[in-house]
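Student: Input structure: final_5.pdb, which contains PDB, C-alpha atoms.
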```pdb
ATOM      1  CA  MET A  18      15.803 -19.719   6.570
ATOM      2  CA  THR A  19      17.547 -16.676   8.057
ATOM      3  CA  ALA A  20      15.620 -14.081  10.004
ATOM      4  CA  GLU A  21      14.532 -11.210   7.757
ATOM      5  CA  LEU A  22      14.306  -7.640   8.985
ATOM      6  CA  THR A  23      10.723  -6.866   8.018
ATOM      7  CA  THR A  24       9.736  -3.749   9.957
ATOM      8  CA  LEU A  25      11.894  -0.841  11.037
ATOM      9  CA  ALA A  26      10.753   2.270  12.892
ATOM     10  CA  PRO A  27      12.386   4.922  15.087
ATOM     11  CA  ASP A  28      11.531   2.846  18.165
ATOM     12  CA  GLU A  29      11.067  -0.693  16.855
ATOM     13  CA  ALA A  30      12.446  -3.518  14.708
ATOM     14  CA  VAL A  31      10.673  -6.755  13.765
ATOM     15  CA  PHE A  32      12.344  -9.833  12.236
ATOM     16  CA  PHE A  33      10.616 -12.900  10.810
ATOM     17  CA  ASP A  34      12.113 -16.366  10.535
ATOM     18  CA  GLY A  35       9.348 -18.044   8.558
ATOM     19  CA  VAL A  36       6.257 -17.675  10.745
ATOM     20  CA  GLU A  37       8.255 -16.817  13.878
ATOM     21  CA  PRO A  38       8.462 -13.074  14.643
ATOM     22  CA  THR A  39      11.023 -11.441  16.892
ATOM     23  CA  ALA A  40      10.131  -7.885  17.900
ATOM     24  CA  PHE A  41      12.316  -5.323  19.639
ATOM     25  CA  THR A  42      10.413  -2.318  20.980
ATOM     26  CA  GLY A  43      11.123   0.745  23.090
ATOM     27  CA  LEU A  44      14.286   1.502  21.114
ATOM     28  CA  GLU A  45      16.088   4.793  20.585
ATOM     29  CA  PRO A  46      15.806   6.471  17.164
ATOM     30  CA  ASP A  47      18.726   6.551  14.723
ATOM     31  CA  THR A  48      20.739   4.075  16.775
ATOM     32  CA  ASP A  49      22.730   0.957  15.908
ATOM     33  CA  TYR A  50      21.730  -2.271  17.668
ATOM     34  CA  ASP A  51      23.035  -5.834  17.674
ATOM     35  CA  ILE A  52      20.726  -8.013  19.765
ATOM     36  CA  ASP A  53      21.126 -11.782  19.844
ATOM     37  CA  GLY A  54      23.028 -11.597  16.561
ATOM     38  CA  LEU A  55      20.387  -9.472  14.821
ATOM     39  CA  ALA A  56      21.934  -6.184  13.699
ATOM     40  CA  PHE A  57      20.034  -3.102  12.536
ATOM     41  CA  ARG A  58      19.836   0.671  12.840
ATOM     42  CA  THR A  59      16.565   2.292  13.823
ATOM     43  CA  LEU A  60      15.050   5.041  11.675
ATOM     44  CA  ARG A  61      15.412   8.704  12.429
ATOM     45  CA  GLN A  62      12.427  10.256  14.155
ATOM     46  CA  PRO A  63      11.215  13.518  12.607
ATOM     47  CA  ALA A  64      11.282  16.557  14.825
ATOM     48  CA  GLY A  65       8.391  17.638  17.001
ATOM     49  CA  GLU A  66       5.316  15.922  18.372
ATOM     50  CA  LEU A  67       3.489  12.947  16.888
ATOM     51  CA  LEU A  68       0.293  14.541  15.551
ATOM     52  CA  SER A  69      -1.600  11.583  14.087
ATOM     53  CA  THR A  70      -1.370   8.140  12.523
ATOM     54  CA  ILE A  71      -2.851   6.796   9.278
ATOM     55  CA  ALA A  72      -3.186   3.146   8.245
ATOM     56  CA  THR A  73      -3.489   1.835   4.696
ATOM     57  CA  VAL A  74      -4.290  -1.491   3.065
ATOM     58  CA  ASN A  75      -4.642  -2.489  -0.578
ATOM     59  CA  ASP A  76      -5.486  -5.495  -2.722
ATOM     60  CA  VAL A  77      -7.738  -7.107  -0.142
ATOM     61  CA  HIS A  78      -9.586  -9.207  -2.791
ATOM     62  CA  PHE A  79     -12.728 -10.379  -1.012
ATOM     63  CA  GLY A  80     -14.175 -13.344  -2.900
ATOM     64  CA  GLU A  81     -10.901 -14.657  -4.333
ATOM     65  CA  THR A  82     -10.615 -18.444  -4.112
ATOM     66  CA  GLU A  83      -7.306 -19.286  -5.822
ATOM     67  CA  CYS A  84      -4.017 -17.529  -5.251
ATOM     68  CA  GLY A  85      -1.186 -17.202  -7.788
ATOM     69  CA  VAL A  86      -3.163 -17.490 -11.023
ATOM     70  CA  ILE A  87      -1.870 -15.594 -14.059
ATOM     71  CA  GLU A  88      -4.398 -15.768 -16.876
ATOM     72  CA  GLY A  89      -3.047 -17.307 -20.063
ATOM     73  CA  THR A  90      -0.223 -19.191 -18.329
ATOM     74  CA  ASP A  91       0.140 -22.402 -16.381
ATOM     75  CA  MET A  92       2.834 -20.985 -14.125
ATOM     76  CA  GLY A  93       2.508 -22.252 -10.576
ATOM     77  CA  PRO A  94       2.240 -23.042  -7.844
ATOM     78  CA  THR A  95      -1.245 -21.832  -6.985
ATOM     79  CA  TYR A  96      -3.018 -22.231  -3.671
ATOM     80  CA  ARG A  97      -6.547 -22.700  -2.349
ATOM     81  CA  VAL A  98      -7.829 -23.353   1.153
ATOM     82  CA  ALA A  99      -9.358 -26.748   1.853
ATOM     83  CA  HIS A 100     -13.102 -27.209   1.446
ATOM     84  CA  GLY A 101     -14.922 -25.877   4.495
ATOM     85  CA  GLU A 102     -12.019 -23.725   5.715
ATOM     86  CA  THR A 103     -12.297 -19.940   6.069
ATOM     87  CA  PRO A 104     -11.551 -18.227   2.734
ATOM     88  CA  TYR A 105      -8.061 -16.777   2.868
ATOM     89  CA  PRO A 106      -9.118 -13.164   2.078
ATOM     90  CA  GLU A 107     -11.293 -13.269   5.190
ATOM     91  CA  THR A 108      -8.447 -14.684   7.295
ATOM     92  CA  MET A 109      -5.975 -12.063   6.110
ATOM     93  CA  ASN A 110      -8.313  -9.086   6.287
ATOM     94  CA  ARG A 111      -9.734 -10.021   9.669
ATOM     95  CA  ALA A 112      -6.206 -10.134  11.087
ATOM     96  CA  ALA A 113      -5.184  -6.856   9.415
ATOM     97  CA  ILE A 114      -8.273  -5.112  10.780
ATOM     98  CA  ALA A 115      -7.547  -6.351  14.310
ATOM     99  CA  GLU A 116      -4.001  -4.995  14.155
ATOM    100  CA  ILE A 117      -5.106  -1.640  12.758
ATOM    101  CA  LEU A 118      -7.768  -1.332  15.447
ATOM    102  CA  GLY A 119      -4.965  -1.822  17.966
ATOM    103  CA  LEU A 120      -3.101   1.107  16.409
ATOM    104  CA  ASP A 121      -6.253   3.262  16.648
ATOM    105  CA  PRO A 122      -5.374   5.520  13.692
ATOM    106  CA  LYS A 123      -7.133   8.750  12.804
ATOM    107  CA  LEU A 124      -7.785   7.512   9.262
ATOM    108  CA  VAL A 125      -7.807   4.165   7.420
ATOM    109  CA  VAL A 126      -7.393   4.131   3.631
ATOM    110  CA  VAL A 127      -8.181   1.180   1.357
ATOM    111  CA  LYS A 128      -6.312   1.711  -1.926
ATOM    112  CA  GLY A 129      -8.328  -0.467  -4.286
ATOM    113  CA  ASP A 130      -8.958  -4.039  -5.371
ATOM    114  CA  LEU A 131     -11.612  -4.452  -2.744
ATOM    115  CA  THR A 132     -12.875  -7.651  -4.373
ATOM    116  CA  ALA A 133     -11.946 -10.397  -6.820
ATOM    117  CA  ASN A 134     -14.744  -9.728  -9.347
ATOM    118  CA  GLY A 135     -16.714  -6.724  -8.155
ATOM    119  CA  THR A 136     -19.857  -8.714  -7.342
ATOM    120  CA  GLU A 137     -22.482  -7.427  -4.935
ATOM    121  CA  ASP A 138     -21.716 -10.228  -2.476
ATOM    122  CA  GLU A 139     -17.997  -9.447  -2.536
ATOM    123  CA  LEU A 140     -18.592  -5.724  -2.070
ATOM    124  CA  ALA A 141     -20.935  -6.484   0.822
ATOM    125  CA  ALA A 142     -18.229  -8.646   2.425
ATOM    126  CA  PHE A 143     -15.743  -5.796   2.084
ATOM    127  CA  GLU A 144     -18.136  -3.317   3.666
ATOM    128  CA  ASP A 145     -19.057  -5.688   6.459
ATOM    129  CA  ALA A 146     -15.384  -6.083   7.379
ATOM    130  CA  TYR A 147     -13.948  -2.598   6.872
ATOM    131  CA  VAL A 148     -16.849  -0.177   7.163
ATOM    132  CA  GLY A 149     -18.111  -2.204  10.086
ATOM    133  CA  ALA A 150     -14.771  -1.842  11.862
ATOM    134  CA  PHE A 151     -13.782   1.747  11.063
ATOM    135  CA  ARG A 152     -16.977   3.584  10.040
ATOM    136  CA  ASP A 153     -16.308   7.294   9.493
ATOM    137  CA  ARG A 154     -12.539   6.807   9.868
ATOM    138  CA  LEU A 155     -12.535   4.818   6.608
ATOM    139  CA  VAL A 156     -12.053   6.063   3.048
ATOM    140  CA  TRP A 157     -11.843   3.668   0.110
ATOM    141  CA  VAL A 158     -11.610   3.548  -3.667
ATOM    142  CA  ARG A 159     -12.084   0.903  -6.330
ATOM    143  CA  GLY A 160      -9.234  -0.839  -8.154
ATOM    144  CA  ASN A 161      -8.893  -2.665 -11.454
ATOM    145  CA  HIS A 162     -10.646  -5.756 -10.058
ATOM    146  CA  GLU A 163     -13.759  -3.596  -9.867
ATOM    147  CA  SER A 164     -13.311  -1.341 -12.891
ATOM    148  CA  TYR A 165     -12.410  -4.233 -15.213
ATOM    149  CA  HIS A 166     -15.984  -5.425 -14.677
ATOM    150  CA  ASN A 167     -17.318  -1.878 -15.186
ATOM    151  CA  VAL A 168     -18.258  -1.582 -11.520
ATOM    152  CA  ARG A 169     -18.634   2.088 -10.598
ATOM    153  CA  TYR A 170     -18.652   1.441  -6.857
ATOM    154  CA  ALA A 171     -16.218   3.698  -4.925
ATOM    155  CA  SER A 172     -15.307   5.634  -8.074
ATOM    156  CA  ASP A 173     -15.297   9.189  -6.673
ATOM    157  CA  PRO A 174     -12.633  11.019  -8.725
ATOM    158  CA  ILE A 175     -10.938  12.506  -5.654
ATOM    159  CA  GLN A 176     -11.661  12.187  -1.952
ATOM    160  CA  VAL A 177      -9.951  14.505   0.522
ATOM    161  CA  ARG A 178      -9.649  13.775   4.241
ATOM    162  CA  HIS A 179      -7.854  15.749   6.932
ATOM    163  CA  VAL A 180      -6.031  14.507  10.011
ATOM    164  CA  PRO A 181      -3.935  16.525  12.466
ATOM    165  CA  GLY A 182      -0.790  17.565  10.624
ATOM    166  CA  ALA A 183      -1.634  16.157   7.171
ATOM    167  CA  THR A 184      -4.175  15.762   4.383
ATOM    168  CA  VAL A 185      -4.889  12.616   2.351
ATOM    169  CA  ALA A 186      -6.100  12.884  -1.260
ATOM    170  CA  LEU A 187      -7.389   9.558  -2.605
ATOM    171  CA  LEU A 188      -7.679   9.344  -6.409
ATOM    172  CA  ASP A 189      -9.707   6.920  -8.499
ATOM    173  CA  THR A 190      -7.059   5.801 -10.995
ATOM    174  CA  SER A 191      -9.113   2.935 -12.436
ATOM    175  CA  VAL A 192     -10.501   2.738 -15.981
ATOM    176  CA  ASP A 193     -13.753   0.965 -16.818
ATOM    177  CA  GLY A 194     -13.129  -2.280 -18.681
ATOM    178  CA  ALA A 195      -9.339  -2.174 -18.271
ATOM    179  CA  PRO A 196      -6.728  -3.383 -15.771
ATOM    180  CA  GLY A 197      -4.447  -0.382 -16.336
ATOM    181  CA  GLY A 198      -4.983   3.096 -14.906
ATOM    182  CA  ALA A 199      -5.390   6.725 -15.902
ATOM    183  CA  LEU A 200      -6.435  10.116 -14.534
ATOM    184  CA  THR A 201      -8.436  13.077 -15.814
ATOM    185  CA  HIS A 202      -7.741  16.767 -16.201
ATOM    186  CA  ALA A 203     -10.380  17.486 -13.558
ATOM    187  CA  GLN A 204      -8.638  15.235 -11.023
ATOM    188  CA  LEU A 205      -5.257  16.841 -11.676
ATOM    189  CA  ASP A 206      -6.739  20.349 -11.471
ATOM    190  CA  ALA A 207      -8.314  19.489  -8.117
ATOM    191  CA  LEU A 208      -5.024  18.040  -6.854
ATOM    192  CA  ASP A 209      -3.134  21.087  -8.116
ATOM    193  CA  ASP A 210      -5.517  23.389  -6.232
ATOM    194  CA  LEU A 211      -5.200  21.279  -3.089
ATOM    195  CA  GLY A 212      -1.410  21.440  -3.283
ATOM    196  CA  ALA A 213      -1.525  25.210  -3.717
ATOM    197  CA  GLU A 214      -3.914  25.814  -0.830
ATOM    198  CA  SER A 215      -2.775  23.302   1.782
ATOM    199  CA  ASP A 216      -0.726  24.441   4.759
ATOM    200  CA  VAL A 217       0.147  20.845   5.744
ATOM    201  CA  PRO A 218       1.737  17.917   3.851
ATOM    202  CA  VAL A 219      -0.580  16.132   1.407
ATOM    203  CA  LEU A 220      -0.258  12.360   0.955
ATOM    204  CA  VAL A 221      -1.687  11.414  -2.443
ATOM    205  CA  MET A 222      -2.981   7.855  -2.796
ATOM    206  CA  GLY A 223      -4.492   5.717  -5.527
ATOM    207  CA  HIS A 224      -4.671   2.132  -6.671
ATOM    208  CA  HIS A 225      -2.333   2.209  -9.681
ATOM    209  CA  HIS A 226       1.360   3.058  -9.604
ATOM    210  CA  CYS A 227       3.052   5.602 -11.874
ATOM    211  CA  TRP A 228       5.016   4.937 -15.016
ATOM    212  CA  SER A 229       8.590   6.243 -14.718
ATOM    213  CA  PRO A 230       9.533   9.152 -17.019
ATOM    214  CA  SER A 231      13.079   7.738 -17.139
ATOM    215  CA  SER A 232      11.858   4.420 -18.541
ATOM    216  CA  ARG A 233      13.535   3.261 -21.750
ATOM    217  CA  THR A 234      10.152   2.385 -23.217
ATOM    218  CA  ARG A 235       6.885   4.282 -23.492
ATOM    219  CA  PRO A 236       4.285   1.564 -23.970
ATOM    220  CA  GLU A 237       0.938   2.252 -25.567
ATOM    221  CA  TYR A 238      -0.547   0.110 -22.823
ATOM    222  CA  TYR A 239       0.877   0.176 -19.271
ATOM    223  CA  PHE A 240      -0.220  -1.893 -16.287
ATOM    224  CA  GLY A 241      -0.149   1.170 -14.032
ATOM    225  CA  ILE A 242      -1.127   4.780 -14.762
ATOM    226  CA  GLN A 243      -0.636   5.359 -18.487
ATOM    227  CA  PRO A 244       2.552   7.299 -19.380
ATOM    228  CA  GLU A 245       0.754  10.487 -20.470
ATOM    229  CA  TRP A 246      -1.169  10.708 -17.206
ATOM    230  CA  SER A 247       1.804   9.659 -15.084
ATOM    231  CA  GLU A 248       3.801  12.544 -16.559
ATOM    232  CA  ARG A 249       1.002  14.996 -15.840
ATOM    233  CA  LEU A 250       0.663  13.758 -12.268
ATOM    234  CA  ILE A 251       4.411  14.139 -11.746
ATOM    235  CA  GLU A 252       4.228  17.682 -13.170
ATOM    236  CA  VAL A 253       1.654  18.591 -10.512
ATOM    237  CA  PHE A 254       3.908  17.176  -7.801
ATOM    238  CA  ALA A 255       6.883  19.099  -9.199
ATOM    239  CA  ARG A 256       5.169  22.473  -8.835
ATOM    240  CA  ARG A 257       3.385  21.774  -5.526
ATOM    241  CA  PRO A 258       5.876  20.949  -2.734
ATOM    242  CA  ARG A 259       3.035  20.309  -0.276
ATOM    243  CA  LEU A 260       2.358  17.085  -2.217
ATOM    244  CA  VAL A 261       4.885  14.942  -0.355
ATOM    245  CA  GLY A 262       4.359  11.427  -1.727
ATOM    246  CA  TYR A 263       2.244   9.166  -3.918
ATOM    247  CA  PHE A 264       1.177   5.798  -2.441
ATOM    248  CA  ALA A 265      -0.272   2.940  -4.507
ATOM    249  CA  GLY A 266      -1.010  -0.770  -4.400
ATOM    250  CA  HIS A 267      -1.823  -2.868  -7.489
ATOM    251  CA  THR A 268       1.601  -4.448  -8.076
ATOM    252  CA  HIS A 269       1.567  -6.506  -4.839
ATOM    253  CA  ARG A 270       5.133  -5.383  -4.199
ATOM    254  CA  ASN A 271       7.076  -3.005  -1.975
ATOM    255  CA  ARG A 272       8.909  -0.449  -4.082
ATOM    256  CA  VAL A 273       9.906   3.210  -3.851
ATOM    257  CA  ARG A 274      10.961   5.263  -6.855
ATOM    258  CA  ARG A 275      12.025   8.892  -7.064
ATOM    259  CA  PHE A 276      11.897  10.881 -10.275
ATOM    260  CA  ALA A 277      14.165  13.713 -11.416
ATOM    261  CA  PRO A 278      11.412  16.381 -11.666
ATOM    262  CA  THR A 279      10.248  15.736  -8.073
ATOM    263  CA  GLY A 280      13.526  15.161  -6.229
ATOM    264  CA  ASP A 281      13.128  13.294  -2.940
ATOM    265  CA  VAL A 282       9.352  12.803  -3.237
ATOM    266  CA  PRO A 283       8.670   9.049  -2.931
ATOM    267  CA  PHE A 284       6.410   7.235  -5.396
ATOM    268  CA  VAL A 285       5.517   4.172  -3.382
ATOM    269  CA  GLU A 286       3.949   0.745  -3.894
ATOM    270  CA  VAL A 287       2.918  -1.364  -0.891
ATOM    271  CA  SER A 288       2.393  -5.118  -1.028
ATOM    272  CA  CYS A 289      -1.010  -6.723  -0.656
ATOM    273  CA  VAL A 290      -3.061  -7.958   2.278
ATOM    274  CA  LYS A 291      -4.316 -11.182   0.725
ATOM    275  CA  ASP A 292      -1.089 -13.197   0.304
ATOM    276  CA  HIS A 293       2.669 -13.068   0.874
ATOM    277  CA  PRO A 294       3.946 -11.204   2.773
ATOM    278  CA  GLY A 295       0.452 -10.156   3.906
ATOM    279  CA  ALA A 296       0.832  -6.547   4.940
ATOM    280  CA  TRP A 297      -0.454  -3.095   5.741
ATOM    281  CA  ALA A 298       1.293   0.248   6.219
ATOM    282  CA  GLU A 299       1.321   2.753   9.050
ATOM    283  CA  TYR A 300       2.089   6.466   8.601
ATOM    284  CA  ARG A 301       3.248   8.440  11.621
ATOM    285  CA  VAL A 302       2.717  12.166  11.089
ATOM    286  CA  PHE A 303       5.102  14.305  13.134
ATOM    287  CA  GLU A 304       5.441  18.072  13.143
ATOM    288  CA  GLY A 305       8.701  17.743  11.208
ATOM    289  CA  GLY A 306       8.081  14.799   8.886
ATOM    290  CA  ILE A 307       6.319  11.501   8.250
ATOM    291  CA  VAL A 308       7.423   7.881   8.709
ATOM    292  CA  GLN A 309       6.137   4.915   6.680
ATOM    293  CA  VAL A 310       6.201   1.740   8.782
ATOM    294  CA  PHE A 311       5.494  -1.528   6.968
ATOM    295  CA  ARG A 312       3.603  -4.140   8.985
ATOM    296  CA  ARG A 313       3.460  -7.854   8.207
ATOM    297  CA  ILE A 314       0.141  -9.287   9.446
ATOM    298  CA  SER A 315       1.142 -11.431  12.411
ATOM    299  CA  ALA A 316      -1.842 -13.501  13.547
ATOM    300  CA  PRO A 317      -0.787 -17.185  13.408
ATOM    301  CA  ASP A 318      -3.380 -18.257  10.830
ATOM    302  CA  ALA A 319      -2.556 -15.263   8.633
ATOM    303  CA  LEU A 320       1.175 -15.941   8.863
ATOM    304  CA  ALA A 321       0.651 -19.593   7.967
ATOM    305  CA  TRP A 322      -1.181 -18.576   4.775
ATOM    306  CA  SER A 323       1.186 -15.764   3.774
ATOM    307  CA  GLU A 324       4.230 -17.947   4.305
ATOM    308  CA  LEU A 325       2.684 -20.749   2.245
ATOM    309  CA  THR A 326       2.281 -18.382  -0.711
ATOM    310  CA  ARG A 327       5.825 -16.981  -0.751
ATOM    311  CA  ASP A 328       6.945 -19.294  -3.604
ATOM    312  CA  MET A 329       4.250 -18.404  -6.148
ATOM    313  CA  TYR A 330       5.160 -17.540  -9.748
ATOM    314  CA  ALA A 331       7.769 -20.288 -10.098
ATOM    315  CA  GLY A 332       9.415 -19.373  -6.821
ATOM    316  CA  THR A 333      10.004 -15.696  -7.667
ATOM    317  CA  TYR A 334       7.239 -14.076  -5.628
ATOM    318  CA  HIS A 335       9.063 -13.342  -2.384
ATOM    319  CA  ASP A 336      11.995 -11.641  -4.077
ATOM    320  CA  LEU A 337       9.642  -9.637  -6.305
ATOM    321  CA  CYS A 338       7.155  -8.465  -3.704
ATOM    322  CA  PHE A 339       9.170  -8.084  -0.489
ATOM    323  CA  GLY A 340      11.573  -5.353  -1.605
ATOM    324  CA  SER A 341      14.344  -3.878   0.527
ATOM    325  CA  VAL A 342      13.816  -2.605   4.055
ATOM    326  CA  GLU A 343      14.468   0.915   2.692
ATOM    327  CA  GLU A 344      11.457   0.466   0.398
ATOM    328  CA  ARG A 345       9.243  -0.693   3.239
ATOM    329  CA  CYS A 346      10.186   1.683   6.042
ATOM    330  CA  PHE A 347      11.468   5.236   5.582
ATOM    331  CA  VAL A 348      11.155   8.891   6.551
ATOM    332  CA  PHE A 349       9.827  11.469   4.092
ATOM    333  CA  ALA A 350       8.538  15.060   4.032
ATOM    334  CA  ASP A 351      11.345  15.759   6.478
ATOM    335  CA  ALA A 352      11.393  19.418   7.436
ATOM    336  CA  GLY A 353      14.933  18.980   8.798
TER     337      GLY A 353
END
```
Could you show the structure in this file as structure tokens?
Tutor:
Amino acid sequence: MTAELTTLAPDEAVFFDGVEPTAFTGLEPDTDYDIDGLAFRTLRQPAGELLSTIATVNDVHFGETECGVIEGTDMGPTYRVAHGETPYPETMNRAAIAEILGLDPKLVVVKGDLTANGTEDELAAFEDAYVGAFRDRLVWVRGNHESYHNVRYASDPIQVRHVPGATVALLDTSVDGAPGGALTHAQLDALDDLGAESDVPVLVMGHHHCWSPSSRTRPEYYFGIQPEWSERLIEVFARRPRLVGYFAGHTHRNRVRRFAPTGDVPFVEVSCVKDHPGAWAEYRVFEGGIVQVFRRISAPDALAWSELTRDMYAGTYHDLCFGSVEERCFVFADAG
């Protein structure tokens, strides 16, 4: 296996060769490096001071016991931990929480799929881990693994939190009884008002990703936000430049798309905590822009599990979920 460039920042680059990380820190922004045969260019750093940091996770899946299952198929491989071992969602989330605590962000956002089945025990396990660690710095919303079971927990239509230099608007995109997503007129009106009134960049987050208006098909059912509601969300972004990006989970992949009506605004998906590559995202809010920094969870037991699961879905999972480095780490809302 060749070392993969996993994380890139203005001052840092991290490679992984299987479970072996190599980190270079204290680097200069926007600079070419070739160190021990590993070549890369650091990201630009937006102008001005660093005002705050935000951390996000998604698809944490407390209570899940088998990884890689697709209902209605026998596609493998699938993975379980051995009897008596710590459940893998606990291993992965415990390690993610420890890393985020080390960052000490102003805000931590959990973008849905808190549990496997939305049971009271699973929700309690989520709260014990995340609310226990971050308390009033935490904001969270349900995902389809809750709404599919008609669980109304964490279903506030829109939650707004402020940090120095930015605002986060967290939308409930989930639909009771369904795995796909949608929005409401009331949510979009509230987001429109927020975009009109805000004097700082607004990061909009939710569990489900958007459908692309340039898609060749317009399905009646879509796994993400239904086409009608995706179009309406994009219309709000198009008329409110303070809305600087939409950030989702759900697909367990790293992907960035940009749509014609909204120009350079990124519509982002970030891979999951619970299996390969096992990740969370950091947002550095500067006076002149924002940087997304993808983080692979690096505790040894977490890496062992996430590396084991890289070949799920008949060996296609890594290529599907990992994405390019430009989809994992990038600068946006750049005032320059």
Student: So which one's closest to His267 of chain A, A:Asp130, A:Glu102, A:Glu248, A:Asp121? Using all atoms listed in the file, please.
Tutor: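 Using all atoms listed in the file, His267 of chain A sits closest to A:Asp130.
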Student: Could you expand the PyMOL selection byres ((chain A and resi 165) around 12) into the explicit residues it covers here, written as a VMD selection string?
Tutor: chain A and resid 130 132 to 136 159 to 164 166 to 170 191 to 198
Student: So that I have them on file, write out the residues from the current selection with C-alpha atoms, as a CSV table (one decimal), in the frame of the given file.
Tutor:
```
chain,number,residue,atom,x,y,z
A,130,ASP,CA,-9.0,-4.0,-5.4
A,132,THR,CA,-12.9,-7.7,-4.4
A,133,ALA,CA,-11.9,-10.4,-6.8
A,134,ASN,CA,-14.7,-9.7,-9.3
A,135,GLY,CA,-16.7,-6.7,-8.2
A,136,THR,CA,-19.9,-8.7,-7.3
A,159,ARG,CA,-12.1,0.9,-6.3
A,160,GLY,CA,-9.2,-0.8,-8.2
A,161,ASN,CA,-8.9,-2.7,-11.5
A,162,HIS,CA,-10.6,-5.8,-10.1
A,163,GLU,CA,-13.8,-3.6,-9.9
A,164,SER,CA,-13.3,-1.3,-12.9
A,166,HIS,CA,-16.0,-5.4,-14.7
A,167,ASN,CA,-17.3,-1.9,-15.2
A,168,VAL,CA,-18.3,-1.6,-11.5
A,169,ARG,CA,-18.6,2.1,-10.6
A,170,TYR,CA,-18.7,1.4,-6.9
A,191,SER,CA,-9.1,2.9,-12.4
A,192,VAL,CA,-10.5,2.7,-16.0
A,193,ASP,CA,-13.8,1.0,-16.8
A,194,GLY,CA,-13.1,-2.3,-18.7
A,195,ALA,CA,-9.3,-2.2,-18.3
A,196,PRO,CA,-6.7,-3.4,-15.8
A,197,GLY,CA,-4.4,-0.4,-16.3
A,198,GLY,CA,-5.0,3.1,-14.9
```
Student: Pick the closest to Pro181 of chain A from A:Glu304, A:Glu144, A:Asp51, A:Asp210: which is it, counting only C-alpha atoms?
Tutor: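 For Pro181 of chain A, the nearest of the candidates is A:Glu304.
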Student: Anything within 12 Å of (1.4, -22.3, -10.7): list those residues as a PyMOL selection string, counting only C-alpha atoms and sticking to the file's coordinates.
Tutor: chain A and resi 83-97+326+328-334
Student: Name the residues captured by the PyMOL selection byres ((chain A and resi 211-226) around 9) when it is applied to the shown file; answer as a ChimeraX atom specification.
Tutor: /A:75-76,126-130,158-161,181-191,197-199,206-210,227-228,240-242,247,253-254,256-268,284-286,306,350
Student: Between atom CA of Gly35 of chain A and atom CA of Arg111 of chain A, what is the spacing in Å?
Tutor: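 Going from atom CA of Arg111 of chain A over to atom CA of Gly35 of chain A, I get 20.7 Å.
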Student: Distance atom CA of Thr201 of chain A-atom CA of Arg178 of chain A, one decimal place?
Tutor: 20.1 Å
Student: Can you tell me which residues surround Glu29 of chain A at a distance of at most 8 Å, considering all atoms listed in the file, apart from same-chain residues fewer than 4 positions away, and format the answer as JSON, numbers by chain?
Tutor: {"A": [24, 25, 40, 41, 42, 43, 44, 59]}
Student: Would you save the residues of that selection, restricted to C-alpha atoms, as an mmCIF file, in the coordinates of the input?
Tutor:
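Final output, saved to again15.cif:
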```cif
data_model
loop_
_atom_site.group_PDB
_atom_site.id
_atom_site.type_symbol
_atom_site.label_atom_id
_atom_site.label_comp_id
_atom_site.auth_asym_id
_atom_site.auth_seq_id
_atom_site.Cartn_x
_atom_site.Cartn_y
_atom_site.Cartn_z
ATOM 1 C CA THR A 24 9.736 -3.749 9.957
ATOM 2 C CA LEU A 25 11.894 -0.841 11.037
ATOM 3 C CA ALA A 40 10.131 -7.885 17.900
ATOM 4 C CA PHE A 41 12.316 -5.323 19.639
ATOM 5 C CA THR A 42 10.413 -2.318 20.980
ATOM 6 C CA GLY A 43 11.123 0.745 23.090
ATOM 7 C CA LEU A 44 14.286 1.502 21.114
ATOM 8 C CA THR A 59 16.565 2.292 13.823
#
```
Student: For a test of reading the model, state the distance in Å between atom CA of Thr73 of chain A and atom CA of Ala298 of chain A, rounded to one decimal.
Tutor: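 Between these atoms lies a distance of 5.3 Å.
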Student: Name the residues that the PyMOL selection byres ((chain A and resi 67) around 8) pulls out of this structure, and write them as a VMD selection string.
Tutor: chain A and resid 65 to 66 68 to 69 301 to 304
Student: Of the candidates A:Thr103, A:Ser323, A:Asn110, A:Thr48, which shows the shortest atom-to-atom distance to Phe79 of chain A, using only C-alpha atoms?
Tutor: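 The answer is A:Asn110, which sits nearest to Phe79 of chain A.
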Student: Looking at A:Tyr105, A:Phe349, A:Phe339, A:Trp157, which one is nearest to Asp292 of chain A, with distances taken over only C-alpha atoms?
Tutor: A:Tyr105
Student: Pick the closest to Gln204 of chain A from A:Lys291, A:Arg249, A:Arg152, A:His335: which is it, counting only C-alpha atoms?
Tutor: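 Distance minimum relative to Gln204 of chain A lands on A:Arg249.
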Student: Excluding Leu337 of chain A and residues on its chain fewer than 5 positions from it, collect all residues at most 9 Å away from it, counting only C-alpha atoms, and give them as a short mmCIF file (atom, residue, chain, number, x, y, z; two decimals) with C-alpha atoms, in the coordinates of the input.
Tutor:
```
data_model
loop_
_atom_site.label_atom_id
_atom_site.label_comp_id
_atom_site.auth_asym_id
_atom_site.auth_seq_id
_atom_site.Cartn_x
_atom_site.Cartn_y
_atom_site.Cartn_z
CA HIS A 269 1.57 -6.51 -4.84
CA ARG A 270 5.13 -5.38 -4.20
CA ASN A 271 7.08 -3.00 -1.98
#
```
Student: Which is closest to Ser315 of chain A among A:Thr39, A:Gln243, A:Ser232, A:Thr19, if we use all atoms listed in the file?
Tutor: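 Smallest separation from Ser315 of chain A among the options: A:Thr39.
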Student: Quick one: residues within 9 Å of Phe347 of chain A, all atoms listed in the file, excluding same-chain residues fewer than 6 positions away - as a list in words?
Tutor: Leu25, Ala26, Leu60, Arg61, Ile307, Val308, Gln309 and Val310 of chain A
Student: Hey, what's within 10 Å of Leu120 of chain A if we count only C-alpha atoms and toss same-chain stuff fewer than 4 positions away? As a VMD selection string, please?
Tutor: chain A and resid 70 to 72 114 to 116 299
Student: Skipping near chain neighbours, those fewer than 2 positions away, what residues fall within 9 Å of Phe151 of chain A using only C-alpha atoms, listed as a list in words?
Tutor: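 The residues satisfying every condition are Ile114, Leu118, Leu124, Val125, Ala146, Tyr147, Val148, Gly149, Asp153, Arg154 and Leu155 of chain A.
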